[in-house]
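J.: The file below is start31.txt, compact mmCIF, C-alpha atoms:
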# COMPACT_ATOMS: atom_id res chain seq x y z
CA MET A 1 -43.60 0.59 12.96
CA LYS A 2 -43.71 -0.75 9.42
CA ARG A 3 -40.50 1.07 8.56
CA LYS A 4 -38.62 -0.49 11.49
CA LEU A 5 -39.88 -3.96 10.63
CA PHE A 6 -38.76 -3.53 7.01
CA SER A 7 -35.27 -2.50 8.13
CA ILE A 8 -34.89 -5.57 10.35
CA VAL A 9 -36.12 -7.97 7.66
CA PHE A 10 -33.88 -6.33 5.06
CA ILE A 11 -30.76 -6.71 7.21
CA LEU A 12 -31.61 -10.37 7.83
CA ILE A 13 -31.94 -10.96 4.09
CA VAL A 14 -28.56 -9.30 3.47
CA THR A 15 -26.91 -11.41 6.18
CA ALA A 16 -28.32 -14.62 4.74
CA THR A 17 -27.10 -13.68 1.28
CA CYS A 18 -23.59 -13.10 2.65
CA ARG A 19 -23.48 -16.59 4.10
CA PHE A 20 -24.76 -18.56 1.17
CA ALA A 21 -23.94 -16.59 -1.99
CA LEU A 22 -20.92 -14.44 -1.23
CA ALA A 23 -19.79 -14.10 -4.85
CA GLY A 24 -23.06 -14.87 -6.60
CA PRO A 25 -25.25 -12.66 -8.78
CA ASP A 26 -27.71 -12.09 -5.92
CA THR A 27 -24.98 -10.47 -3.81
CA GLN A 28 -23.98 -8.18 -6.66
CA PHE A 29 -27.62 -7.24 -7.24
CA ILE A 30 -28.07 -6.35 -3.57
CA LEU A 31 -24.88 -4.26 -3.54
CA GLU A 32 -26.05 -2.37 -6.64
CA LYS A 33 -29.37 -1.61 -4.96
CA LEU A 34 -27.69 -0.53 -1.72
CA PHE A 35 -25.28 1.86 -3.44
CA THR A 36 -28.15 3.28 -5.49
CA ARG A 37 -30.11 3.85 -2.29
CA LEU A 38 -27.11 5.70 -0.82
CA THR A 39 -27.37 8.28 -3.58
CA LEU A 40 -31.13 8.73 -3.14
CA VAL A 41 -31.73 9.02 0.60
CA ARG A 42 -31.18 12.42 2.23
CA GLN A 43 -30.83 11.72 5.94
CA ASP A 44 -27.41 10.79 7.37
CA ASN A 45 -28.93 8.16 9.66
CA ASP A 46 -30.51 6.41 6.67
CA ARG A 47 -27.23 6.49 4.74
CA LEU A 48 -25.32 5.03 7.69
CA ARG A 49 -27.87 2.22 8.09
CA ILE A 50 -27.59 1.36 4.40
CA ASN A 51 -23.81 1.47 4.67
CA ASP A 52 -23.93 -0.96 7.61
CA SER A 53 -25.56 -3.47 5.26
CA ILE A 54 -22.83 -2.87 2.66
CA CYS A 55 -20.17 -3.43 5.31
CA ALA A 56 -21.84 -6.69 6.39
CA ILE A 57 -21.65 -8.03 2.83
CA ILE A 58 -18.07 -6.88 2.18
CA ASP A 59 -16.86 -8.16 5.55
CA SER A 60 -18.13 -11.69 4.88
CA TYR A 61 -16.91 -11.56 1.28
CA ALA A 62 -13.40 -10.46 2.36
CA ARG A 63 -13.07 -13.46 4.67
CA SER A 64 -14.30 -15.97 2.08
CA ASP A 65 -12.37 -18.12 -0.40
CA SER A 66 -13.94 -16.09 -3.23
CA ALA A 67 -12.19 -12.82 -2.46
CA PHE A 68 -9.12 -13.36 -4.68
CA ASN A 69 -10.73 -15.14 -7.63
CA HIS A 70 -13.81 -12.96 -7.99
CA THR A 71 -14.56 -9.30 -8.73
CA PHE A 72 -17.90 -7.53 -8.59
CA GLU A 73 -18.32 -6.27 -12.14
CA GLY A 74 -19.76 -2.87 -12.97
CA LEU A 75 -20.27 -1.60 -9.43
CA ARG A 76 -19.75 2.11 -10.00
CA TYR A 77 -19.16 3.15 -6.40
CA LEU A 78 -17.02 0.22 -5.22
CA GLY A 79 -13.27 0.25 -5.91
CA GLN A 80 -11.52 -3.14 -6.16
CA ILE A 81 -7.85 -3.70 -6.92
CA THR A 82 -5.70 -6.82 -6.53
CA SER A 83 -1.93 -7.26 -6.69
CA ARG A 84 -0.63 -9.38 -9.57
CA LYS A 85 0.42 -12.25 -7.32
CA SER A 86 -2.95 -12.12 -5.51
CA GLN A 87 -1.38 -11.45 -2.14
CA LEU A 88 -3.27 -8.24 -1.44
CA LYS A 89 -6.73 -7.02 -2.41
CA ILE A 90 -8.10 -3.59 -1.54
CA ILE A 91 -11.78 -2.62 -1.56
CA THR A 92 -12.71 1.03 -0.99
CA TRP A 93 -15.75 3.27 -1.16
CA ASN A 94 -16.99 6.51 0.36
CA ILE A 95 -20.30 7.98 1.46
CA ALA A 96 -21.37 11.62 1.59
CA LEU A 97 -22.77 12.91 4.89
CA GLY A 98 -24.19 16.29 5.74
CA GLU A 99 -22.59 17.09 9.09
CA SER A 100 -19.09 15.59 8.78
CA GLY A 101 -18.82 15.81 4.99
CA GLY A 102 -18.43 12.08 4.54
CA LYS A 103 -16.52 8.92 5.39
CA TYR A 104 -14.09 6.56 3.67
CA PHE A 105 -14.29 2.79 4.10
CA CYS A 106 -11.53 0.37 3.17
CA TYR A 107 -10.85 -3.36 3.39
CA PHE A 108 -7.29 -4.63 3.04
CA ILE A 109 -7.37 -8.39 2.40
CA HIS A 110 -4.01 -10.11 2.82
CA ASN A 111 -3.63 -13.61 1.41
CA THR A 112 -1.39 -15.40 3.92
CA GLY A 113 -1.66 -18.77 2.17
CA LYS A 114 -3.83 -20.17 4.97
CA GLU A 115 -6.71 -17.79 5.54
CA ASN A 116 -7.37 -14.21 4.59
CA GLN A 117 -6.14 -11.63 7.05
CA VAL A 118 -8.70 -8.82 6.88
CA TYR A 119 -8.24 -5.22 7.97
CA ARG A 120 -11.26 -2.93 8.05
CA LEU A 121 -10.50 0.79 8.11
CA GLU A 122 -12.68 3.87 8.13
CA SER A 123 -11.97 7.57 8.31
CA ASP A 124 -13.97 10.79 8.39
CA TYR A 125 -13.39 13.30 5.63
CA ASP A 126 -10.57 15.70 6.54
CA ASN A 127 -10.01 19.02 4.80
CA GLU A 128 -6.35 18.86 5.83
CA ALA A 129 -3.95 16.82 3.71
CA PRO A 130 -2.10 13.83 5.19
CA LEU A 131 1.46 14.63 6.23
CA VAL A 132 4.19 13.48 3.86
CA ASN A 133 6.87 13.03 6.53
CA ARG A 134 5.19 10.60 8.93
CA GLN A 135 3.79 7.09 9.03
CA TYR A 136 0.17 6.19 9.73
CA THR A 137 -1.48 3.05 11.08
CA GLU A 138 -4.92 1.47 10.94
CA ALA A 139 -5.94 3.59 13.94
CA ASP A 140 -5.21 6.97 12.32
CA TRP A 141 -5.61 6.19 8.61
CA TYR A 142 -6.10 9.44 6.68
CA GLY A 143 -8.70 8.05 4.23
CA ALA A 144 -8.54 7.68 0.43
CA LEU A 145 -9.91 5.74 -2.52
CA TYR A 146 -7.14 3.50 -3.91
CA TYR A 147 -7.24 2.70 -7.62
CA ASP A 148 -3.93 0.96 -8.44
CA LEU A 149 -1.06 -0.85 -6.72
CA ARG A 150 2.21 -2.67 -7.35
CA GLN A 151 3.97 -5.21 -5.17
CA TYR A 152 7.71 -5.06 -4.38
CA GLY A 153 10.16 -6.97 -2.21
CA LYS A 154 9.90 -10.31 -0.45
CA GLY A 155 9.50 -11.59 3.08
CA ASP A 156 9.97 -8.93 5.74
CA GLN A 157 10.83 -6.39 3.01
CA GLN A 158 7.58 -6.88 1.10
CA HIS A 159 5.56 -3.73 0.49
CA TRP A 160 2.99 -2.33 -1.92
CA VAL A 161 2.99 1.06 -3.63
CA LEU A 162 -0.53 2.51 -3.86
CA LEU A 163 -2.11 5.25 -5.95
CA GLY A 164 -5.01 6.95 -4.20
CA LEU A 165 -7.56 9.73 -4.52
CA ASP A 166 -8.86 12.03 -1.77
CA LEU A 167 -12.07 14.00 -2.42
CA ALA A 168 -12.70 15.22 1.13
CA ASN A 169 -12.11 18.91 0.36
CA PRO A 170 -14.71 20.20 -2.16
CA GLU A 171 -12.29 22.85 -3.44
CA ILE A 172 -9.16 20.69 -3.72
CA THR A 173 -8.54 17.23 -5.15
CA ARG A 174 -5.60 15.23 -3.85
CA LYS A 175 -3.81 12.28 -5.39
CA ILE A 176 -1.49 10.23 -3.25
CA ILE A 177 1.42 7.88 -3.83
CA ASP A 178 1.82 5.85 -0.67
CA VAL A 179 3.47 2.65 0.50
CA ILE A 180 1.99 0.06 2.83
CA SER A 181 3.69 -2.80 4.59
CA ILE A 182 2.65 -5.30 7.24
CA SER A 183 4.69 -5.42 10.43
CA PRO A 184 5.85 -8.72 12.01
CA GLU A 185 3.02 -8.19 14.52
CA GLY A 186 0.50 -8.12 11.67
CA ASN A 187 -0.24 -4.38 11.67
CA ILE A 188 -0.59 -2.25 8.54
CA ILE A 189 1.86 0.64 8.25
CA PHE A 190 1.26 3.49 5.80
CA GLY A 191 4.35 5.31 4.57
CA LYS A 192 7.96 4.43 3.84
CA ASP A 193 10.93 6.77 3.46
CA ILE A 194 11.69 5.88 -0.16
CA PHE A 195 10.60 9.07 -1.95
CA ARG A 196 13.51 11.43 -2.52
CA ASN A 197 13.39 14.99 -3.84
CA GLY A 198 16.91 16.39 -3.76
CA LYS A 199 18.04 16.01 -0.16
CA THR A 200 14.50 15.64 1.15
CA VAL A 201 13.16 12.16 1.85
CA ARG A 202 9.43 11.63 2.28
CA ASN A 203 7.12 8.81 3.30
CA ARG A 204 4.60 9.57 0.54
CA VAL A 205 3.99 11.92 -2.37
CA LEU A 206 0.99 14.25 -2.38
CA LEU A 207 -0.42 16.16 -5.36
CA GLU A 208 -2.96 18.90 -4.67
CA TYR A 209 -4.88 20.78 -7.34
CA SER A 210 -8.17 22.56 -7.99
CA SER A 211 -11.18 20.26 -8.12
CA LYS A 212 -11.97 21.86 -11.50
CA ALA A 213 -8.68 20.62 -13.01
CA VAL A 214 -7.86 17.17 -14.36
CA VAL A 215 -4.58 15.54 -13.31
CA THR A 216 -3.52 12.00 -14.15
CA LEU A 217 -1.41 9.80 -11.90
CA ARG A 218 -0.62 6.28 -13.06
CA PHE A 219 1.98 3.54 -13.32
CA ASN A 220 3.70 3.79 -16.70
CA THR A 221 5.72 0.67 -15.85
CA ASP A 222 6.29 -1.22 -12.61
CA LYS A 223 9.25 1.09 -11.92
CA LEU A 224 7.87 4.37 -13.26
CA ILE A 225 4.96 6.52 -12.05
CA VAL A 226 3.94 9.45 -14.25
CA PHE A 227 1.72 12.45 -13.54
CA ASP A 228 0.90 15.83 -15.03
CA HIS A 229 3.25 18.69 -14.16
CA LEU A 230 1.72 21.01 -11.57
CA VAL A 231 2.55 24.71 -11.42
CA PRO A 232 2.15 26.22 -7.90
Write the structure described by the file as C-alpha cells, please.
T.:
Amino acid sequence: MKRKLFSIVFILIVTATCRFALAGPDTQFILEKLFTRLTLVRQDNDRLRINDSICAIIDSYARSDSAFNHTFEGLRYLGQITSRKSQLKIITWNIALGESGGKYFCYFIHNTGKENQVYRLESDYDNEAPLVNRQYTEADWYGALYYDLRQYGKGDQQHWVLLGLDLANPEITRKIIDVISISPEGNIIFGKDIFRNGKTVRNRVLLEYSSKAVVTLRFNTDKLIVFDHLVP
C-alpha cells in the first residue's frame, strides 16, 4: 500500500513541476533522478512507470516556449539536437526491457512560428534493419537515437538530413543517414530518394557493423557526410 501511495504522489509532483518549471533546475534534477532510476530497477513494469514520468515531463516541455531556447545540460541518457535555424528540435532516448529488448522514444518539435507542432514517436527494438528503399511514417517508425541534423530547402521542399544510431541488435550496431520532411497534411515522412550509388537510388543509407567495432559517421560540412570505410 505504501508503495502505491508513493508512486501516485511522485507522479503528481512530476506533473506539477512540468507546469511551473519546465526549463528550471528542478526539472533537470528530476530527469536526472528518473534516468538514474531506470538503470537501477530490474522489473520491466517499474521501468515503464518511471518512463511514463519522463514522457510527462518531455511532453510538456516540448509544447512550451522554452523548447527552442533551452537545453538540458549533462543529461547522459537524453539526446537533444536542434537545427541551426531553430525550426526543428529532436529529443530521443531508449530504455532496456527484458522481454522485448527495449524501446525507443522520440519527440520531433517543429517550430511553425505560432506554436510548436509536437510529434511523439515510440518503437520497440527490432533486430531487423530498416529498409533502405521505402518510406516510413510516424505509425511505423523503425526507431533510432538521432545525434545530428542539417536543414535543407525551403517551403514545401524543406527537409532535414539526420544521423542516427540503432542499438537494438546486441551483435550489430547500425548507423543511419535518413531524411525527414513534413507533408502538407502535417505528417512526418522518413526517407527521400536522394541517395545514389551508381544506378541505384535509395531513401536512406544504412551502415551495419559488429558491436565490438568503432565506426564514425558525421557531417564534415553541410554538404559532405564522412564515415569509416566498411569491408563486407
J.: Mind checking which residues fall within 12 Å of Asp126 (chain A), counting all atoms listed in the file, ignoring those fewer than 2 positions away in the same chain, and posting them as an MDAnalysis selection string?
T.: chainID A and resid 100:104 123:124 128:130 140:144 166:170 172:174
J.: Give the answer as one residue: which of A:Gln28, A:Ser86, A:Leu40, A:Glu115 has the shortest atom-to-atom distance to Phe72 (chain A), using all atoms listed in the file?
T.: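 Under the stated criterion, the closest residue is A:Gln28.
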J.: Using only C-alpha atoms for the distances, tell me which of A:Ala62, A:Leu206, A:Ile95, A:Cys106 is nearest to Leu121 (chain A).
T.: A:Cys106
J.: Place a sphere of radius 9 Å on (-1.9, -12.3, -1.1) in the file coordinates and name every protein, DNA or RNA residue with an atom inside or on its surface, counting all atoms listed in the file; give the answer as a list in words.
T.: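 Residues lying no farther than 9 Å from the given point: Phe68, Thr82, Ser83, Lys85, Ser86, Gln87, Leu88, Lys89, Ile109, His110, Asn111, Thr112, Gly113 and Asn116 of chain A.
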J.: In Å, how far is it from CA of Glu138 (chain A) to CA of Glu122 (chain A)?
T.: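 Distance reported for this atom pair: 8.6 Å.
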J.: Name the closest residue to Gln158 (chain A) among the candidates A:Asn133, A:Thr216, A:Phe29, A:Pro184; distances are taken between atoms, counting all atoms listed in the file.
T.: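 Smallest separation from Gln158 (chain A) among the options: A:Pro184.
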